[in-house]
Amino acid sequence: MKSTAIGYAFALLAFVVFSAQDGVSKHLGAAYPAVVVAMIRYWAFAVFAILLAMRARGGLTVAIKSKRPALQIFRGLLLASQIPIAINAFTLVGLAQSQAIFASGPLIVALLSVPILGEKVGWRRWTAIGVGFCGVLLILGPTGADFNVLVVLPLIVAFIGAIYGLTTRLVSRVDGPTTSFFYIGVVGAVALTLAGPFFWVEIAPEDWKWMLFLCFTGIVGHYSLIKAYQNLNAVVVQPISYLQLVLASGIGVVVFGETLRLNMVVGAMIVVAAGIFTAWREHVVLRRNRELAALDA
């Protein structure tokens, strides 16, 4: 049975853990190649995905059977490529500014859902998308003296995340969540393991505890997020996800000495507000379409 209280608890835990994970990723990314950090993290992720599949009904035999395996593999490769870029963004751009740009992901999803999924977007969501991207421009500060061309990295992460989200919607029409989770864990681990040796450097003994912590937070975070979505609708989880922006920015300022500029704070507030409105409006339209379909039936 669904429990709203449990759903909120798991959602909060997930984004608190992900924020800590971002901080550790930045720390390790400053000392080691991002691909190596992501590879080790993915080994734990793959083990977790396999164990979940084994415990699910039908076990691995059912989990591995996908009606769209090529799309599932593509999703796995997308996520595996996104994480090293995100780690580099944390290191080279900063946690605060990267997370502020990541927050535009739902807006990019809404924008791309028109040509990719054939969805209809009304004037309200188009307005929210436009306002949200104005917030992104404010975060980037392209005309300011502090402009960093490397902000392209978090922009790439946000775009890849949006494509990943859209492909997830596509495969969810034919495959169950266990199959989808299994593929992103295993495909990502294989891809990064093939790439990792080309970037390998020795990990200092004192940094293995951080690597293990990164693996642990990855498992706890993803498990908590799964439990959150089992108990809450996506439209409820979406606003909570912006807690990661606040916490990760705080880690960036307190731990790494980053500076929160006014344009970043105001821009992030605009992007978050636009993202929440877009998610809410999508939920309203979806619910209305379901009610109309039920009446027609």
# chains A, B, ... in the order shown; residues from 1 in each chain; ligands from 1

call {"tool": "select_by_dssp", "arguments": {"residues": "stretch 10-85 of chain A", "states": "alpha helix (DSSP H)", "output": "PDB file with C-alpha atoms, in the first residue's frame"}}
result
ATOM      1  CA  PHE A  10      12.348   8.551   1.082  1.00  0.00           C
ATOM      2  CA  ALA A  11      12.266  11.515  -1.319  1.00  0.00           C
ATOM      3  CA  LEU A  12      13.953  13.773   1.227  1.00  0.00           C
ATOM      4  CA  LEU A  13      16.525  11.093   2.023  1.00  0.00           C
ATOM      5  CA  ALA A  14      17.257  10.532  -1.673  1.00  0.00           C
ATOM      6  CA  PHE A  15      18.039  14.161  -2.445  1.00  0.00           C
ATOM      7  CA  VAL A  16      20.011  14.703   0.755  1.00  0.00           C
ATOM      8  CA  VAL A  17      22.130  11.668  -0.148  1.00  0.00           C
ATOM      9  CA  PHE A  18      22.515  12.795  -3.764  1.00  0.00           C
ATOM     10  CA  SER A  19      23.718  16.197  -2.527  1.00  0.00           C
ATOM     11  CA  ALA A  20      26.393  14.540  -0.393  1.00  0.00           C
ATOM     12  CA  GLN A  21      27.292  12.382  -3.381  1.00  0.00           C
ATOM     13  CA  ASP A  22      27.807  15.484  -5.507  1.00  0.00           C
ATOM     14  CA  GLY A  23      30.151  16.937  -2.916  1.00  0.00           C
ATOM     15  CA  VAL A  24      32.237  13.754  -2.766  1.00  0.00           C
ATOM     16  CA  SER A  25      32.228  13.554  -6.578  1.00  0.00           C
ATOM     17  CA  LYS A  26      33.671  17.055  -6.765  1.00  0.00           C
ATOM     18  CA  HIS A  27      36.339  16.175  -4.206  1.00  0.00           C
ATOM     19  CA  LEU A  28      37.382  13.023  -6.070  1.00  0.00           C
ATOM     20  CA  GLY A  29      37.013  14.638  -9.493  1.00  0.00           C
ATOM     21  CA  ALA A  34      36.040  11.627 -13.897  1.00  0.00           C
ATOM     22  CA  VAL A  35      35.691   8.426 -15.923  1.00  0.00           C
ATOM     23  CA  VAL A  36      37.553   6.465 -13.238  1.00  0.00           C
ATOM     24  CA  VAL A  37      35.395   7.903 -10.457  1.00  0.00           C
ATOM     25  CA  ALA A  38      32.230   7.136 -12.423  1.00  0.00           C
ATOM     26  CA  MET A  39      33.429   3.624 -13.284  1.00  0.00           C
ATOM     27  CA  ILE A  40      33.990   2.625  -9.660  1.00  0.00           C
ATOM     28  CA  ARG A  41      30.662   4.176  -8.691  1.00  0.00           C
ATOM     29  CA  TYR A  42      28.953   2.237 -11.463  1.00  0.00           C
ATOM     30  CA  TRP A  43      30.343  -1.097 -10.318  1.00  0.00           C
ATOM     31  CA  ALA A  44      28.344  -0.770  -7.099  1.00  0.00           C
ATOM     32  CA  PHE A  45      25.353   0.538  -9.051  1.00  0.00           C
ATOM     33  CA  ALA A  46      25.416  -2.503 -11.363  1.00  0.00           C
ATOM     34  CA  VAL A  47      25.582  -4.939  -8.443  1.00  0.00           C
ATOM     35  CA  PHE A  48      22.608  -3.174  -6.868  1.00  0.00           C
ATOM     36  CA  ALA A  49      20.630  -3.287 -10.145  1.00  0.00           C
ATOM     37  CA  ILE A  50      21.338  -7.006 -10.573  1.00  0.00           C
ATOM     38  CA  LEU A  51      20.320  -7.799  -6.975  1.00  0.00           C
ATOM     39  CA  LEU A  52      17.075  -5.866  -7.423  1.00  0.00           C
ATOM     40  CA  ALA A  53      16.357  -7.767 -10.625  1.00  0.00           C
ATOM     41  CA  MET A  54      17.051 -11.095  -8.926  1.00  0.00           C
ATOM     42  CA  ARG A  55      14.586 -10.253  -6.163  1.00  0.00           C
ATOM     43  CA  GLY A  59      14.274 -12.763 -11.552  1.00  0.00           C
ATOM     44  CA  LEU A  60      16.998 -11.942 -14.053  1.00  0.00           C
ATOM     45  CA  THR A  61      15.329 -13.985 -16.783  1.00  0.00           C
ATOM     46  CA  VAL A  62      12.399 -11.577 -16.870  1.00  0.00           C
ATOM     47  CA  ALA A  63      14.403  -8.400 -16.167  1.00  0.00           C
ATOM     48  CA  PRO A  69      16.571  -3.488 -26.081  1.00  0.00           C
ATOM     49  CA  ALA A  70      18.311  -1.010 -28.390  1.00  0.00           C
ATOM     50  CA  LEU A  71      16.569   1.904 -26.693  1.00  0.00           C
ATOM     51  CA  GLN A  72      17.371   0.470 -23.263  1.00  0.00           C
ATOM     52  CA  ILE A  73      21.062   0.193 -24.189  1.00  0.00           C
ATOM     53  CA  PHE A  74      20.982   3.749 -25.518  1.00  0.00           C
ATOM     54  CA  ARG A  75      19.552   4.941 -22.166  1.00  0.00           C
ATOM     55  CA  GLY A  76      22.327   3.150 -20.326  1.00  0.00           C
ATOM     56  CA  LEU A  77      24.976   4.770 -22.497  1.00  0.00           C
ATOM     57  CA  LEU A  78      23.387   8.195 -22.027  1.00  0.00           C
ATOM     58  CA  LEU A  79      23.534   7.963 -18.247  1.00  0.00           C
ATOM     59  CA  ALA A  80      27.044   6.505 -18.295  1.00  0.00           C
ATOM     60  CA  SER A  81      28.258   9.451 -20.382  1.00  0.00           C
ATOM     61  CA  GLN A  82      26.356  12.024 -18.325  1.00  0.00           C
ATOM     62  CA  ILE A  83      27.949  11.218 -14.960  1.00  0.00           C
ATOM     63  CA  PRO A  84      31.628  11.855 -15.913  1.00  0.00           C
ATOM     64  CA  ILE A  85      30.623  15.129 -17.555  1.00  0.00           C
TER      65      ILE A  85
END

call {"tool": "residues_around", "arguments": {"residues": "A:Val131", "least_positions_apart": "4", "cutoff": "7 Å", "atoms": "only C-alpha atoms", "output": "list of chain:residue names"}}
result
A:Thr127, A:Gly135, A:Ala274

call {"tool": "closest_residue", "arguments": {"among": "A:Thr178, A:Tyr229, A:Ala189, A:Val149", "to": "A:Arg57", "atoms": "only C-alpha atoms"}}
result
A:Thr178

call {"tool": "residues_around", "arguments": {"residues": "A:Ile163", "least_positions_apart": "2", "cutoff": "9 Å", "atoms": "only C-alpha atoms", "output": "list in words"}}
result
Arg75, Leu78, Ile108, Val109, Leu112, Ala158, Phe159, Ile160, Gly161, Gly165, Leu166, Thr167 and Thr168 of chain A

call {"tool": "write_last_selection", "arguments": {"atoms": "C-alpha atoms", "output": "mmCIF file, in the first residue's frame"}}
result
data_model
loop_
_atom_site.group_PDB
_atom_site.id
_atom_site.type_symbol
_atom_site.label_atom_id
_atom_site.label_comp_id
_atom_site.auth_asym_id
_atom_site.auth_seq_id
_atom_site.Cartn_x
_atom_site.Cartn_y
_atom_site.Cartn_z
ATOM 1 C CA ARG A 75 19.552 4.941 -22.166
ATOM 2 C CA LEU A 78 23.387 8.195 -22.027
ATOM 3 C CA ILE A 108 14.262 20.864 -21.720
ATOM 4 C CA VAL A 109 12.165 17.698 -21.326
ATOM 5 C CA LEU A 112 11.758 18.199 -26.546
ATOM 6 C CA ALA A 158 21.083 18.942 -18.522
ATOM 7 C CA PHE A 159 20.491 18.156 -22.207
ATOM 8 C CA ILE A 160 21.652 14.538 -21.870
ATOM 9 C CA GLY A 161 19.452 14.195 -18.782
ATOM 10 C CA GLY A 165 14.155 11.270 -19.343
ATOM 11 C CA LEU A 166 12.326 11.208 -22.671
ATOM 12 C CA THR A 167 13.722 7.802 -23.646
ATOM 13 C CA THR A 168 12.699 6.544 -20.213
#

call {"tool": "closest_residue", "arguments": {"among": "A:Ile64, A:Phe216, A:Val254, A:Ala56", "to": "A:Leu95", "atoms": "only C-alpha atoms"}}
result
A:Val254

call {"tool": "atom_distance", "arguments": {"atom1": "atom CA of A:Glu291", "atom2": "atom CA of A:Val237"}}
result
22.6 Å

call {"tool": "residues_around", "arguments": {"residues": "A:Leu107", "least_positions_apart": "5", "cutoff": "10 Å", "atoms": "only C-alpha atoms", "output": "list in words"}}
result
Leu112, Ser113, Arg125, Trp126, Ala128, Ile129, Gly130, Val131, Gly132, Phe133, Ala158, Phe159, Ala162, Val271, Val272, Ala274, Gly275, Ile276, Phe277, Thr278 and Ala279 of chain A
